[in-house]
>>> print(open('start28.pdb').read())   # PDB, C-alpha atoms and all ligand atoms
ATOM      1  CA  MET A   1     -22.431  15.516   1.416
ATOM      2  CA  LEU A   2     -19.780  12.803   0.920
ATOM      3  CA  ILE A   3     -20.774   9.430   2.353
ATOM      4  CA  VAL A   4     -18.169   6.704   2.867
ATOM      5  CA  ILE A   5     -19.296   3.214   3.831
ATOM      6  CA  GLY A   6     -16.976   0.491   5.090
ATOM      7  CA  ASP A   7     -14.341  -0.313   7.656
ATOM      8  CA  LEU A   8     -13.471   1.532  10.864
ATOM      9  CA  VAL A   9     -10.822  -0.491  12.706
ATOM     10  CA  ALA A  10      -7.812  -0.059  14.979
ATOM     11  CA  ASP A  11      -4.437  -0.012  13.240
ATOM     12  CA  LEU A  12      -1.478  -1.119  15.345
ATOM     13  CA  ILE A  13       1.356   0.468  13.406
ATOM     14  CA  VAL A  14       4.708  -1.257  14.001
ATOM     15  CA  LEU A  15       7.497   1.000  12.697
ATOM     16  CA  GLY A  16      10.566  -1.093  11.986
ATOM     17  CA  GLY A  17       8.525  -4.253  12.402
ATOM     18  CA  ALA A  18       8.805  -5.807   8.977
ATOM     19  CA  THR A  19      11.654  -8.173   9.827
ATOM     20  CA  LEU A  20      10.831 -10.341  12.824
ATOM     21  CA  GLU A  21      13.159 -12.714  14.620
ATOM     22  CA  ARG A  22      11.105 -15.603  15.923
ATOM     23  CA  GLY A  23      11.195 -16.724  19.547
ATOM     24  CA  THR A  24      12.640 -13.505  21.006
ATOM     25  CA  ASP A  25      11.902  -9.800  21.599
ATOM     26  CA  ASN A  26      11.671  -7.512  18.552
ATOM     27  CA  PRO A  27      11.980  -3.899  19.730
ATOM     28  CA  ALA A  28      10.039  -1.473  17.508
ATOM     29  CA  GLU A  29       7.993   1.707  17.755
ATOM     30  CA  VAL A  30       4.350   0.664  18.104
ATOM     31  CA  ARG A  31       1.456   3.119  17.725
ATOM     32  CA  LEU A  32      -2.276   2.543  18.003
ATOM     33  CA  THR A  33      -4.154   4.644  15.435
ATOM     34  CA  ARG A  34      -7.556   4.838  13.776
ATOM     35  CA  GLY A  35      -7.619   2.813  10.574
ATOM     36  CA  GLY A  36      -9.897   1.254   8.047
ATOM     37  CA  SER A  37      -9.826   2.384   4.432
ATOM     38  CA  ALA A  38     -13.336   3.896   4.522
ATOM     39  CA  ALA A  39     -12.778   5.683   7.829
ATOM     40  CA  ASN A  40      -9.445   7.036   6.571
ATOM     41  CA  VAL A  41     -11.092   8.552   3.485
ATOM     42  CA  ALA A  42     -13.831  10.115   5.625
ATOM     43  CA  ALA A  43     -11.315  11.592   8.085
ATOM     44  CA  ALA A  44      -9.141  13.010   5.294
ATOM     45  CA  ALA A  45     -12.112  14.648   3.528
ATOM     46  CA  ALA A  46     -14.132  16.002   6.434
ATOM     47  CA  SER A  47     -12.221  19.258   6.874
ATOM     48  CA  ALA A  48     -13.147  20.188   3.287
ATOM     49  CA  VAL A  49     -16.663  18.781   2.687
ATOM     50  CA  PRO A  50     -19.503  17.628   4.964
ATOM     51  CA  THR A  51     -18.753  13.921   5.381
ATOM     52  CA  ARG A  52     -20.619  10.972   6.862
ATOM     53  CA  PHE A  53     -19.092   7.585   7.710
ATOM     54  CA  ILE A  54     -21.288   4.481   7.879
ATOM     55  CA  GLY A  55     -19.905   1.194   9.173
ATOM     56  CA  CYS A  56     -20.146  -1.612  11.687
ATOM     57  CA  VAL A  57     -18.110  -1.723  14.901
ATOM     58  CA  GLY A  58     -18.102  -3.804  18.060
ATOM     59  CA  VAL A  59     -19.638  -3.170  21.461
ATOM     60  CA  ASP A  60     -16.254  -2.533  23.052
ATOM     61  CA  PRO A  61     -14.176   0.431  24.307
ATOM     62  CA  LEU A  62     -12.107   0.328  21.120
ATOM     63  CA  ALA A  63     -15.202   1.284  19.115
ATOM     64  CA  THR A  64     -15.878   4.228  21.440
ATOM     65  CA  ALA A  65     -12.337   5.527  20.938
ATOM     66  CA  LEU A  66     -12.407   5.055  17.157
ATOM     67  CA  ILE A  67     -15.760   6.825  16.792
ATOM     68  CA  ALA A  68     -14.481   9.700  18.942
ATOM     69  CA  ASP A  69     -11.405   9.961  16.719
ATOM     70  CA  LEU A  70     -13.521  10.199  13.549
ATOM     71  CA  GLU A  71     -15.890  12.701  15.151
ATOM     72  CA  SER A  72     -12.982  14.870  16.227
ATOM     73  CA  ALA A  73     -11.983  15.004  12.535
ATOM     74  CA  GLY A  74     -15.454  16.432  11.827
ATOM     75  CA  VAL A  75     -17.068  13.255  10.476
ATOM     76  CA  ASP A  76     -20.758  12.489  11.083
ATOM     77  CA  VAL A  77     -20.564   8.847  12.252
ATOM     78  CA  ARG A  78     -23.415   6.305  11.893
ATOM     79  CA  VAL A  79     -22.690   2.763  13.054
ATOM     80  CA  GLN A  80     -24.269  -0.633  13.260
ATOM     81  CA  ARG A  81     -23.008  -2.906  16.037
ATOM     82  CA  ALA A  82     -21.662  -6.430  16.070
ATOM     83  CA  GLU A  83     -19.539  -8.174  18.682
ATOM     84  CA  ARG A  84     -15.934  -7.148  18.214
ATOM     85  CA  THR A  85     -14.260  -4.164  16.558
ATOM     86  CA  GLY A  86     -11.773  -5.080  13.836
ATOM     87  CA  ALA A  87      -8.042  -4.608  14.294
ATOM     88  CA  ILE A  88      -5.108  -4.641  11.911
ATOM     89  CA  VAL A  89      -1.395  -5.054  12.630
ATOM     90  CA  VAL A  90       0.574  -2.965  10.131
ATOM     91  CA  LEU A  91       4.258  -3.917   9.877
ATOM     92  CA  VAL A  92       6.161  -1.011   8.317
ATOM     93  CA  ASP A  93       9.671  -1.469   6.886
ATOM     94  CA  ALA A  94      12.563   1.015   6.637
ATOM     95  CA  VAL A  95      11.248   2.572   3.394
ATOM     96  CA  GLY A  96       7.683   2.936   4.674
ATOM     97  CA  GLU A  97       6.293  -0.078   2.797
ATOM     98  CA  ARG A  98       3.650  -1.926   4.812
ATOM     99  CA  THR A  99       2.524  -5.499   5.341
ATOM    100  CA  MET A 100      -0.803  -6.020   7.114
ATOM    101  CA  ILE A 101      -2.248  -8.744   9.342
ATOM    102  CA  THR A 102      -5.981  -8.132   9.072
ATOM    103  CA  ASP A 103      -8.901  -9.027  11.312
ATOM    104  CA  ARG A 104     -11.934  -7.135  10.005
ATOM    105  CA  GLY A 105     -14.045  -8.138  13.005
ATOM    106  CA  ALA A 106     -17.386  -6.293  13.064
ATOM    107  CA  ALA A 107     -16.506  -4.494   9.803
ATOM    108  CA  ALA A 108     -17.236  -7.785   8.039
ATOM    109  CA  GLU A 109     -20.789  -7.795   9.404
ATOM    110  CA  LEU A 110     -22.235  -4.647   7.835
ATOM    111  CA  ALA A 111     -25.930  -5.276   7.148
ATOM    112  CA  ALA A 112     -28.653  -3.438   5.200
ATOM    113  CA  ILE A 113     -28.228   0.331   5.590
ATOM    114  CA  ASP A 114     -30.991   2.582   6.882
ATOM    115  CA  PRO A 115     -32.071   4.580   3.765
ATOM    116  CA  ALA A 116     -32.382   7.722   5.934
ATOM    117  CA  TRP A 117     -28.597   7.586   6.471
ATOM    118  CA  LEU A 118     -28.077   8.019   2.703
ATOM    119  CA  THR A 119     -30.172  11.125   2.107
ATOM    120  CA  GLY A 120     -28.287  14.129   0.753
ATOM    121  CA  ALA A 121     -25.391  12.114  -0.693
ATOM    122  CA  ARG A 122     -23.683  13.934  -3.549
ATOM    123  CA  TRP A 123     -20.907  11.327  -3.580
ATOM    124  CA  LEU A 124     -20.692   7.779  -2.199
ATOM    125  CA  HIS A 125     -17.282   6.128  -1.786
ATOM    126  CA  LEU A 126     -16.912   2.382  -1.230
ATOM    127  CA  PRO A 127     -13.694   0.408  -0.635
ATOM    128  CA  LEU A 128     -13.919  -3.072  -2.179
ATOM    129  CA  TYR A 129     -12.871  -4.535   1.211
ATOM    130  CA  GLY A 130     -16.533  -4.219   2.238
ATOM    131  CA  PHE A 131     -17.742  -6.461  -0.594
ATOM    132  CA  ALA A 132     -15.985  -9.588   0.686
ATOM    133  CA  GLU A 133     -19.071 -10.982   2.451
ATOM    134  CA  PRO A 134     -22.318 -11.562   0.485
ATOM    135  CA  GLY A 135     -24.551  -9.781   3.056
ATOM    136  CA  SER A 136     -22.404  -6.639   3.116
ATOM    137  CA  ARG A 137     -22.033  -6.817  -0.665
ATOM    138  CA  GLN A 138     -25.798  -6.596  -1.025
ATOM    139  CA  ALA A 139     -26.042  -3.718   1.489
ATOM    140  CA  LEU A 140     -23.352  -1.727  -0.352
ATOM    141  CA  THR A 141     -24.794  -2.456  -3.778
ATOM    142  CA  ASP A 142     -28.235  -1.286  -2.638
ATOM    143  CA  ALA A 143     -26.699   1.881  -1.167
ATOM    144  CA  ALA A 144     -24.874   2.628  -4.434
ATOM    145  CA  THR A 145     -28.036   2.074  -6.461
ATOM    146  CA  SER A 146     -30.015   4.410  -4.253
ATOM    147  CA  VAL A 147     -27.386   7.196  -4.272
ATOM    148  CA  ALA A 148     -26.988   6.940  -8.072
ATOM    149  CA  ALA A 149     -30.783   7.091  -8.494
ATOM    150  CA  GLU A 150     -30.733  10.414  -6.613
ATOM    151  CA  GLY A 151     -28.054  11.762  -8.984
ATOM    152  CA  GLY A 152     -25.020  11.226  -6.705
ATOM    153  CA  CYS A 153     -21.610  10.027  -7.931
ATOM    154  CA  VAL A 154     -20.263   6.653  -6.810
ATOM    155  CA  SER A 155     -16.602   5.642  -6.486
ATOM    156  CA  VAL A 156     -15.061   2.271  -5.653
ATOM    157  CA  ASP A 157     -11.510   1.611  -4.437
ATOM    158  CA  LEU A 158     -10.206  -1.817  -5.472
ATOM    159  CA  SER A 159      -8.628  -1.983  -1.969
ATOM    160  CA  SER A 160      -6.133  -4.845  -2.249
ATOM    161  CA  VAL A 161      -4.908  -7.656  -4.436
ATOM    162  CA  ALA A 162      -5.899 -10.105  -1.698
ATOM    163  CA  THR A 163      -9.482  -8.804  -1.737
ATOM    164  CA  LEU A 164      -9.675  -8.981  -5.529
ATOM    165  CA  ARG A 165      -8.347 -12.548  -5.518
ATOM    166  CA  ALA A 166     -10.645 -13.610  -2.652
ATOM    167  CA  LEU A 167     -13.685 -12.271  -4.507
ATOM    168  CA  GLY A 168     -12.558 -13.615  -7.877
ATOM    169  CA  ALA A 169     -13.053 -12.247 -11.384
ATOM    170  CA  ARG A 170     -16.704 -13.117 -11.692
ATOM    171  CA  ALA A 171     -17.824 -11.529  -8.405
ATOM    172  CA  VAL A 172     -15.778  -8.346  -8.976
ATOM    173  CA  ALA A 173     -17.188  -8.015 -12.492
ATOM    174  CA  GLU A 174     -20.689  -8.461 -11.088
ATOM    175  CA  VAL A 175     -20.096  -5.790  -8.419
ATOM    176  CA  LEU A 176     -18.789  -3.310 -11.021
ATOM    177  CA  ARG A 177     -21.666  -4.117 -13.375
ATOM    178  CA  ARG A 178     -24.308  -3.564 -10.707
ATOM    179  CA  ILE A 179     -22.720  -0.481  -9.165
ATOM    180  CA  SER A 180     -21.441   1.034 -12.417
ATOM    181  CA  PRO A 181     -19.088   3.420 -10.546
ATOM    182  CA  ASP A 182     -18.276   6.874 -11.885
ATOM    183  CA  VAL A 183     -14.701   6.501 -10.597
ATOM    184  CA  VAL A 184     -12.577   3.426  -9.798
ATOM    185  CA  PHE A 185      -9.366   3.867  -7.764
ATOM    186  CA  ALA A 186      -6.636   1.207  -7.986
ATOM    187  CA  ASN A 187      -2.947   0.975  -7.214
ATOM    188  CA  ARG A 188      -0.623  -0.538  -9.795
ATOM    189  CA  ASP A 189      -0.924  -4.120  -8.510
ATOM    190  CA  GLU A 190      -4.712  -3.929  -8.193
ATOM    191  CA  ALA A 191      -4.955  -2.505 -11.730
ATOM    192  CA  ASP A 192      -2.833  -5.405 -13.013
ATOM    193  CA  VAL A 193      -5.101  -7.972 -11.336
ATOM    194  CA  ALA A 194      -8.218  -6.161 -12.583
ATOM    195  CA  GLY A 195      -6.700  -6.226 -16.075
ATOM    196  CA  SER A 196      -5.961  -9.949 -15.798
ATOM    197  CA  PHE A 197      -9.605 -10.423 -14.791
ATOM    198  CA  GLY A 198     -10.619  -8.621 -18.000
ATOM    199  CA  LEU A 199     -12.510  -5.992 -15.991
ATOM    200  CA  THR A 200     -13.721  -2.821 -17.631
ATOM    201  CA  THR A 201     -15.450   0.251 -16.241
ATOM    202  CA  ARG A 202     -17.647   2.842 -17.932
ATOM    203  CA  GLY A 203     -16.263   5.498 -15.571
ATOM    204  CA  VAL A 204     -12.870   7.025 -14.876
ATOM    205  CA  LEU A 205     -10.114   4.588 -13.822
ATOM    206  CA  VAL A 206      -7.428   6.180 -11.645
ATOM    207  CA  VAL A 207      -4.243   4.120 -11.255
ATOM    208  CA  LYS A 208      -1.895   5.195  -8.423
ATOM    209  CA  ARG A 209       1.741   4.220  -8.850
ATOM    210  CA  GLY A 210       3.571   5.414  -5.741
ATOM    211  CA  PRO A 211       5.986   8.240  -6.672
ATOM    212  CA  GLU A 212       5.383   7.692 -10.392
ATOM    213  CA  PRO A 213       2.710   9.612 -12.313
ATOM    214  CA  VAL A 214      -0.914   8.663 -11.696
ATOM    215  CA  LEU A 215      -2.677   7.312 -14.803
ATOM    216  CA  VAL A 216      -6.178   8.660 -15.424
ATOM    217  CA  HIS A 217      -8.084   6.530 -17.944
ATOM    218  CA  GLU A 218     -11.189   8.246 -19.265
ATOM    219  CA  ARG A 219     -13.256   7.497 -22.379
ATOM    220  CA  GLY A 220     -10.444   5.580 -24.093
ATOM    221  CA  ALA A 221      -7.734   8.197 -23.374
ATOM    222  CA  VAL A 222      -4.991   8.103 -20.729
ATOM    223  CA  ALA A 223      -3.533  11.146 -18.981
ATOM    224  CA  GLU A 224      -0.359  11.036 -16.861
ATOM    225  CA  ILE A 225      -0.519  13.182 -13.741
ATOM    226  CA  ALA A 226       2.869  13.786 -12.112
ATOM    227  CA  VAL A 227       3.248  13.589  -8.332
ATOM    228  CA  ASP A 228       6.018  15.279  -6.352
ATOM    229  CA  PRO A 229       8.228  12.359  -5.207
ATOM    230  CA  VAL A 230       8.686  12.067  -1.432
ATOM    231  CA  ASP A 231      12.045  10.510  -0.482
ATOM    232  CA  ASP A 232      11.583  10.312   3.285
ATOM    233  CA  VAL A 233       8.432   8.157   3.486
ATOM    234  CA  LEU A 234       7.860   7.093   7.103
ATOM    235  CA  ASP A 235       4.727   4.997   6.568
ATOM    236  CA  SER A 236       2.626   4.681   3.404
ATOM    237  CA  THR A 237      -0.444   3.454   5.333
ATOM    238  CA  GLY A 238      -3.469   5.460   4.266
ATOM    239  CA  ALA A 239      -1.733   7.273   1.362
ATOM    240  CA  GLY A 240      -4.170   5.695  -1.086
ATOM    241  CA  ASP A 241      -7.104   6.653   1.123
ATOM    242  CA  ALA A 242      -5.865  10.250   1.415
ATOM    243  CA  PHE A 243      -5.509  10.287  -2.376
ATOM    244  CA  ALA A 244      -9.147   9.222  -2.785
ATOM    245  CA  ALA A 245     -10.246  11.917  -0.326
ATOM    246  CA  GLY A 246      -8.303  14.628  -2.168
ATOM    247  CA  TYR A 247      -9.694  13.468  -5.509
ATOM    248  CA  ILE A 248     -13.298  13.393  -4.307
ATOM    249  CA  VAL A 249     -13.113  16.766  -2.554
ATOM    250  CA  ALA A 250     -11.753  18.358  -5.751
ATOM    251  CA  ALA A 251     -14.291  16.593  -7.988
ATOM    252  CA  LEU A 252     -17.144  17.749  -5.749
ATOM    253  CA  ALA A 253     -15.839  21.299  -6.192
ATOM    254  CA  GLY A 254     -16.085  20.870  -9.978
ATOM    255  CA  ALA A 255     -12.550  19.726 -10.934
ATOM    256  CA  ASP A 256     -12.147  17.452 -13.951
ATOM    257  CA  ALA A 257     -10.523  14.023 -13.475
ATOM    258  CA  ALA A 258      -6.961  15.221 -14.169
ATOM    259  CA  ALA A 259      -7.206  18.133 -11.731
ATOM    260  CA  ALA A 260      -8.860  15.908  -9.138
ATOM    261  CA  ALA A 261      -6.015  13.369  -9.463
ATOM    262  CA  ARG A 262      -3.528  16.191  -8.954
ATOM    263  CA  ALA A 263      -5.363  17.177  -5.769
ATOM    264  CA  GLY A 264      -5.347  13.528  -4.691
ATOM    265  CA  GLY A 265      -1.573  13.383  -5.029
ATOM    266  CA  VAL A 266      -1.156  16.487  -2.880
ATOM    267  CA  ARG A 267      -3.401  15.062  -0.140
ATOM    268  CA  ALA A 268      -1.572  11.705  -0.275
ATOM    269  CA  MET A 269       1.779  13.373   0.405
ATOM    270  CA  ALA A 270       0.593  14.415   3.856
ATOM    271  CA  ALA A 271      -0.019  10.779   4.795
ATOM    272  CA  LEU A 272       3.464   9.578   3.851
ATOM    273  CA  ARG A 273       5.452  11.376   6.527
ATOM    274  CA  ARG A 274       3.335  10.262   9.497
ATOM    275  CA  ALA A 275       2.666   6.956  11.232
ATOM    276  CA  GLY A 276      -0.820   5.765  10.348
ATOM    277  CA  ALA A 277      -3.451   7.344   8.116
ATOM    278  CA  LEU A 278      -4.526  11.018   8.107
TER     279      LEU A 278
HETATM  280  N1  LIG B 301       7.171   7.997  -2.563
HETATM  281  C1  LIG B 301       6.098   8.745  -2.882
HETATM  282  N2  LIG B 301       6.278  10.037  -3.246
HETATM  283  C2  LIG B 301       5.228  10.826  -3.554
HETATM  284  N3  LIG B 301       3.958  10.417  -3.557
HETATM  285  C3  LIG B 301       3.717   9.138  -3.221
HETATM  286  C4  LIG B 301       4.771   8.230  -2.861
HETATM  287  N4  LIG B 301       4.205   7.037  -2.530
HETATM  288  C5  LIG B 301       2.871   7.204  -2.681
HETATM  289  N5  LIG B 301       2.580   8.459  -3.085
HETATM  290  C6  LIG B 301       1.258   9.064  -3.315
HETATM  291  O1  LIG B 301       0.287   8.248  -2.718
HETATM  292  C7  LIG B 301      -0.582   7.735  -3.734
HETATM  293  C8  LIG B 301      -1.023   6.351  -3.347
HETATM  294  O2  LIG B 301       0.097   5.518  -3.194
HETATM  295  P1  LIG B 301       0.150   4.049  -3.831
HETATM  296  O3  LIG B 301       0.392   4.182  -5.282
HETATM  297  O4  LIG B 301       1.138   3.282  -3.039
HETATM  298  O5  LIG B 301      -1.337   3.521  -3.641
HETATM  299  P2  LIG B 301      -1.982   2.613  -2.509
HETATM  300  O6  LIG B 301      -1.366   1.254  -2.570
HETATM  301  O7  LIG B 301      -3.432   2.740  -2.656
HETATM  302  O8  LIG B 301      -1.539   3.326  -1.187
HETATM  303  P3  LIG B 301      -1.543   2.671   0.285
HETATM  304  O9  LIG B 301      -0.110   2.314   0.516
HETATM  305  O10 LIG B 301      -2.050   3.717   1.165
HETATM  306  O11 LIG B 301      -2.455   1.478   0.253
HETATM  307  C9  LIG B 301       0.200   7.852  -5.028
HETATM  308  O12 LIG B 301      -0.602   7.951  -6.167
HETATM  309  C10 LIG B 301       0.974   9.132  -4.810
HETATM  310  O13 LIG B 301       0.139  10.238  -5.073
HETATM  311  O1  LIG B 302      -5.514   0.022   2.148
HETATM  312  C1  LIG B 302      -5.044   1.125   2.345
HETATM  313  O2  LIG B 302      -5.122   2.034   1.507
HETATM  314  C2  LIG B 302      -4.318   1.461   3.573
HETATM  315  O3  LIG B 302      -3.126   1.601   3.547
HETATM  316  C3  LIG B 302      -5.060   1.735   4.818
HETATM  317  C4  LIG B 302      -5.367   0.502   5.530
HETATM  318  O4  LIG B 302      -6.145  -0.375   4.760
HETATM  319  C5  LIG B 302      -6.107   0.757   6.804
HETATM  320  O5  LIG B 302      -5.632   1.829   7.555
HETATM  321  C6  LIG B 302      -6.042  -0.512   7.554
HETATM  322  O6  LIG B 302      -6.833  -0.427   8.652
END
>>> encode(input="start28.pdb", output="structure tokens", more="lines below")
Ligand SMILES: Nc1ncnc2c1ncn2[C@@H]1O[C@H](COP(=O)(O)OP(=O)(O)OP(=O)(O)O)[C@@H](O)[C@H]1O
Ligand SMILES: O=C(O)C(=O)C[C@H](O)[C@H](O)CO
Amino acid sequence: MLIVIGDLVADLIVLGGATLERGTDNPAEVRLTRGGSAANVAAAAASAVPTRFIGCVGVDPLATALIADLESAGVDVRVQRAERTGAIVVLVDAVGERTMITDRGAAAELAAIDPAWLTGARWLHLPLYGFAEPGSRQALTDAATSVAAEGGCVSVDLSSVATLRALGARAVAEVLRRISPDVVFANRDEADVAGSFGLTTRGVLVVKRGPEPVLVHERGAVAEIAVDPVDDVLDSTGAGDAFAAGYIVAALAGADAAAAARAGGVRAMAALRRAGAL
């Protein structure tokens, strides 16, 4: 089973909303979708492998709708509760590039995870977003330690430059040292920041670079994995999460890192031509 722990939030996708004129109306196409990097990975993987999502949501109708959405994708959902479900405004420009206004809400309050929820994990995936608060950081680190002790693989997504900077070099290095992930996913900007922090990983480092080839760093060697460029990107939200799902599904089926990255690129393409994540 794949287990993904982290954020399940509402994404308010604003297509054509990247340039705002202050003090007046700004007509745009606005869609409410399920979001959260962890939830997106779970939803994109669940049709291919048994998948469980673990996170923290509010005690509000939004949480009920988001859980139902994940369950309809085939995900086994286990949640803790805090006051208010997180929500993110995603402003998408004409070429599909997105800018986010983020309120993690309950997702920031993940506490110690029931060990019974982790049994049977062959792979645990953790977005770095979840490590921002010390309590959640401990809960995620403990989960990773326990899955690794049972022989499962662990992957971490570096999530965002803002998250890396908020945590700082020392805390990110400490997280990677304690978790010792088998796979680290980063986009180009996150990889640059990680490099400037002097971070290293014993595992595979997968660097996504939009339409340009993915770089797979493994044991001192680098492989370039081509992706089929998509010219008509509607919204890139969740492309990175779909990539991680495709990679993990392939790796669980026995693919090596290069083949898994290829599968990730194929899964990511599906996310680019729709509003919101898969
Ligand atoms: N224009 C594109 N054409 C083809 N594939 C793309 C394009 N943009 C993104 N992808 C695919 O999506 C993957 C992830 O995109 P990107 O490099 O932007 O990472 P990310 O920042 O994690 O994504 P996200 O925007 O979801 O946060 C890429 O590795 C690639 O496989
Ligand atoms: O960070 C990413 O990979 C995303 O584009 C997905 C967003 O973080 C998520 O949907 C926001 O809720």
>>> resolve_selection(input="start28.pdb", expression="the PyMOL selection byres (((chain A and resi 1-11) around 7) and not hetatm)", output="MDAnalysis selection string")
chainID A and resid 12:13 32:39 42 49:55 57 85:90 107 120:127 130
>>> write_last_selection(input="start28.pdb", atoms="C-alpha atoms", output="PDB file, in the coordinates of the input")
ATOM      1  CA  LEU A  12      -1.478  -1.119  15.345  1.00  0.00           C
ATOM      2  CA  ILE A  13       1.356   0.468  13.406  1.00  0.00           C
ATOM      3  CA  LEU A  32      -2.276   2.543  18.003  1.00  0.00           C
ATOM      4  CA  THR A  33      -4.154   4.644  15.435  1.00  0.00           C
ATOM      5  CA  ARG A  34      -7.556   4.838  13.776  1.00  0.00           C
ATOM      6  CA  GLY A  35      -7.619   2.813  10.574  1.00  0.00           C
ATOM      7  CA  GLY A  36      -9.897   1.254   8.047  1.00  0.00           C
ATOM      8  CA  SER A  37      -9.826   2.384   4.432  1.00  0.00           C
ATOM      9  CA  ALA A  38     -13.336   3.896   4.522  1.00  0.00           C
ATOM     10  CA  ALA A  39     -12.778   5.683   7.829  1.00  0.00           C
ATOM     11  CA  ALA A  42     -13.831  10.115   5.625  1.00  0.00           C
ATOM     12  CA  VAL A  49     -16.663  18.781   2.687  1.00  0.00           C
ATOM     13  CA  PRO A  50     -19.503  17.628   4.964  1.00  0.00           C
ATOM     14  CA  THR A  51     -18.753  13.921   5.381  1.00  0.00           C
ATOM     15  CA  ARG A  52     -20.619  10.972   6.862  1.00  0.00           C
ATOM     16  CA  PHE A  53     -19.092   7.585   7.710  1.00  0.00           C
ATOM     17  CA  ILE A  54     -21.288   4.481   7.879  1.00  0.00           C
ATOM     18  CA  GLY A  55     -19.905   1.194   9.173  1.00  0.00           C
ATOM     19  CA  VAL A  57     -18.110  -1.723  14.901  1.00  0.00           C
ATOM     20  CA  THR A  85     -14.260  -4.164  16.558  1.00  0.00           C
ATOM     21  CA  GLY A  86     -11.773  -5.080  13.836  1.00  0.00           C
ATOM     22  CA  ALA A  87      -8.042  -4.608  14.294  1.00  0.00           C
ATOM     23  CA  ILE A  88      -5.108  -4.641  11.911  1.00  0.00           C
ATOM     24  CA  VAL A  89      -1.395  -5.054  12.630  1.00  0.00           C
ATOM     25  CA  VAL A  90       0.574  -2.965  10.131  1.00  0.00           C
ATOM     26  CA  ALA A 107     -16.506  -4.494   9.803  1.00  0.00           C
ATOM     27  CA  GLY A 120     -28.287  14.129   0.753  1.00  0.00           C
ATOM     28  CA  ALA A 121     -25.391  12.114  -0.693  1.00  0.00           C
ATOM     29  CA  ARG A 122     -23.683  13.934  -3.549  1.00  0.00           C
ATOM     30  CA  TRP A 123     -20.907  11.327  -3.580  1.00  0.00           C
ATOM     31  CA  LEU A 124     -20.692   7.779  -2.199  1.00  0.00           C
ATOM     32  CA  HIS A 125     -17.282   6.128  -1.786  1.00  0.00           C
ATOM     33  CA  LEU A 126     -16.912   2.382  -1.230  1.00  0.00           C
ATOM     34  CA  PRO A 127     -13.694   0.408  -0.635  1.00  0.00           C
ATOM     35  CA  GLY A 130     -16.533  -4.219   2.238  1.00  0.00           C
TER      36      GLY A 130
END
>>> closest_residue(input="start28.pdb", among="A:Val249, A:Val172, A:Val214, A:Val156", to="ligand LIG 301 (chain B)", atoms="all atoms listed in the file")
A:Val214
>>> resolve_selection(input="start28.pdb", expression="the PyMOL selection byres (((chain A and resi 207) around 6) and not hetatm)", output="PyMOL selection string")
chain A and resi 186-187+206+208+214-215
>>> residues_around(input="start28.pdb", residues="Pro229 of chain A", least_positions_apart="5", cutoff="10 Å", atoms="only C-alpha atoms", output="PyMOL selection string")
chain A and resi 210-213+265+269
>>> resolve_selection(input="start28.pdb", expression="the PyMOL selection byres (((not hetatm)) within 9 of (chain B and resi 301))", output="compact mmCIF listing (two decimals) with C-alpha atoms, keeping the file's coordinate frame")
# COMPACT_ATOMS: atom_id res chain seq x y z
CA SER A 37 -9.83 2.38 4.43
CA GLY A 96 7.68 2.94 4.67
CA GLU A 97 6.29 -0.08 2.80
CA ARG A 98 3.65 -1.93 4.81
CA ASP A 157 -11.51 1.61 -4.44
CA LEU A 158 -10.21 -1.82 -5.47
CA SER A 159 -8.63 -1.98 -1.97
CA SER A 160 -6.13 -4.84 -2.25
CA PHE A 185 -9.37 3.87 -7.76
CA ALA A 186 -6.64 1.21 -7.99
CA ASN A 187 -2.95 0.98 -7.21
CA ARG A 188 -0.62 -0.54 -9.80
CA ASP A 189 -0.92 -4.12 -8.51
CA GLU A 190 -4.71 -3.93 -8.19
CA VAL A 206 -7.43 6.18 -11.64
CA VAL A 207 -4.24 4.12 -11.26
CA LYS A 208 -1.90 5.20 -8.42
CA ARG A 209 1.74 4.22 -8.85
CA GLY A 210 3.57 5.41 -5.74
CA PRO A 211 5.99 8.24 -6.67
CA GLU A 212 5.38 7.69 -10.39
CA PRO A 213 2.71 9.61 -12.31
CA VAL A 214 -0.91 8.66 -11.70
CA LEU A 215 -2.68 7.31 -14.80
CA ALA A 226 2.87 13.79 -12.11
CA VAL A 227 3.25 13.59 -8.33
CA ASP A 228 6.02 15.28 -6.35
CA PRO A 229 8.23 12.36 -5.21
CA VAL A 230 8.69 12.07 -1.43
CA ASP A 231 12.04 10.51 -0.48
CA ASP A 232 11.58 10.31 3.28
CA VAL A 233 8.43 8.16 3.49
CA ASP A 235 4.73 5.00 6.57
CA SER A 236 2.63 4.68 3.40
CA THR A 237 -0.44 3.45 5.33
CA GLY A 238 -3.47 5.46 4.27
CA ALA A 239 -1.73 7.27 1.36
CA GLY A 240 -4.17 5.70 -1.09
CA ASP A 241 -7.10 6.65 1.12
CA ALA A 242 -5.86 10.25 1.42
CA PHE A 243 -5.51 10.29 -2.38
CA ALA A 244 -9.15 9.22 -2.78
CA ALA A 261 -6.02 13.37 -9.46
CA ARG A 262 -3.53 16.19 -8.95
CA ALA A 263 -5.36 17.18 -5.77
CA GLY A 264 -5.35 13.53 -4.69
CA GLY A 265 -1.57 13.38 -5.03
CA VAL A 266 -1.16 16.49 -2.88
CA ARG A 267 -3.40 15.06 -0.14
CA ALA A 268 -1.57 11.70 -0.28
CA MET A 269 1.78 13.37 0.40
CA ALA A 270 0.59 14.42 3.86
CA ALA A 271 -0.02 10.78 4.80
CA LEU A 272 3.46 9.58 3.85
CA ALA A 277 -3.45 7.34 8.12
>>> closest_residue(input="start28.pdb", among="A:Pro27, A:Gly105, A:Gly151, A:Gly195", to="ligand LIG 302 (chain B)", atoms="all atoms listed in the file")
A:Gly105
>>> closest_residue(input="start28.pdb", among="A:Arg202, A:Arg137, A:Arg31, A:Arg104", to="ligand LIG 302 (chain B)", atoms="all atoms listed in the file")
A:Arg104
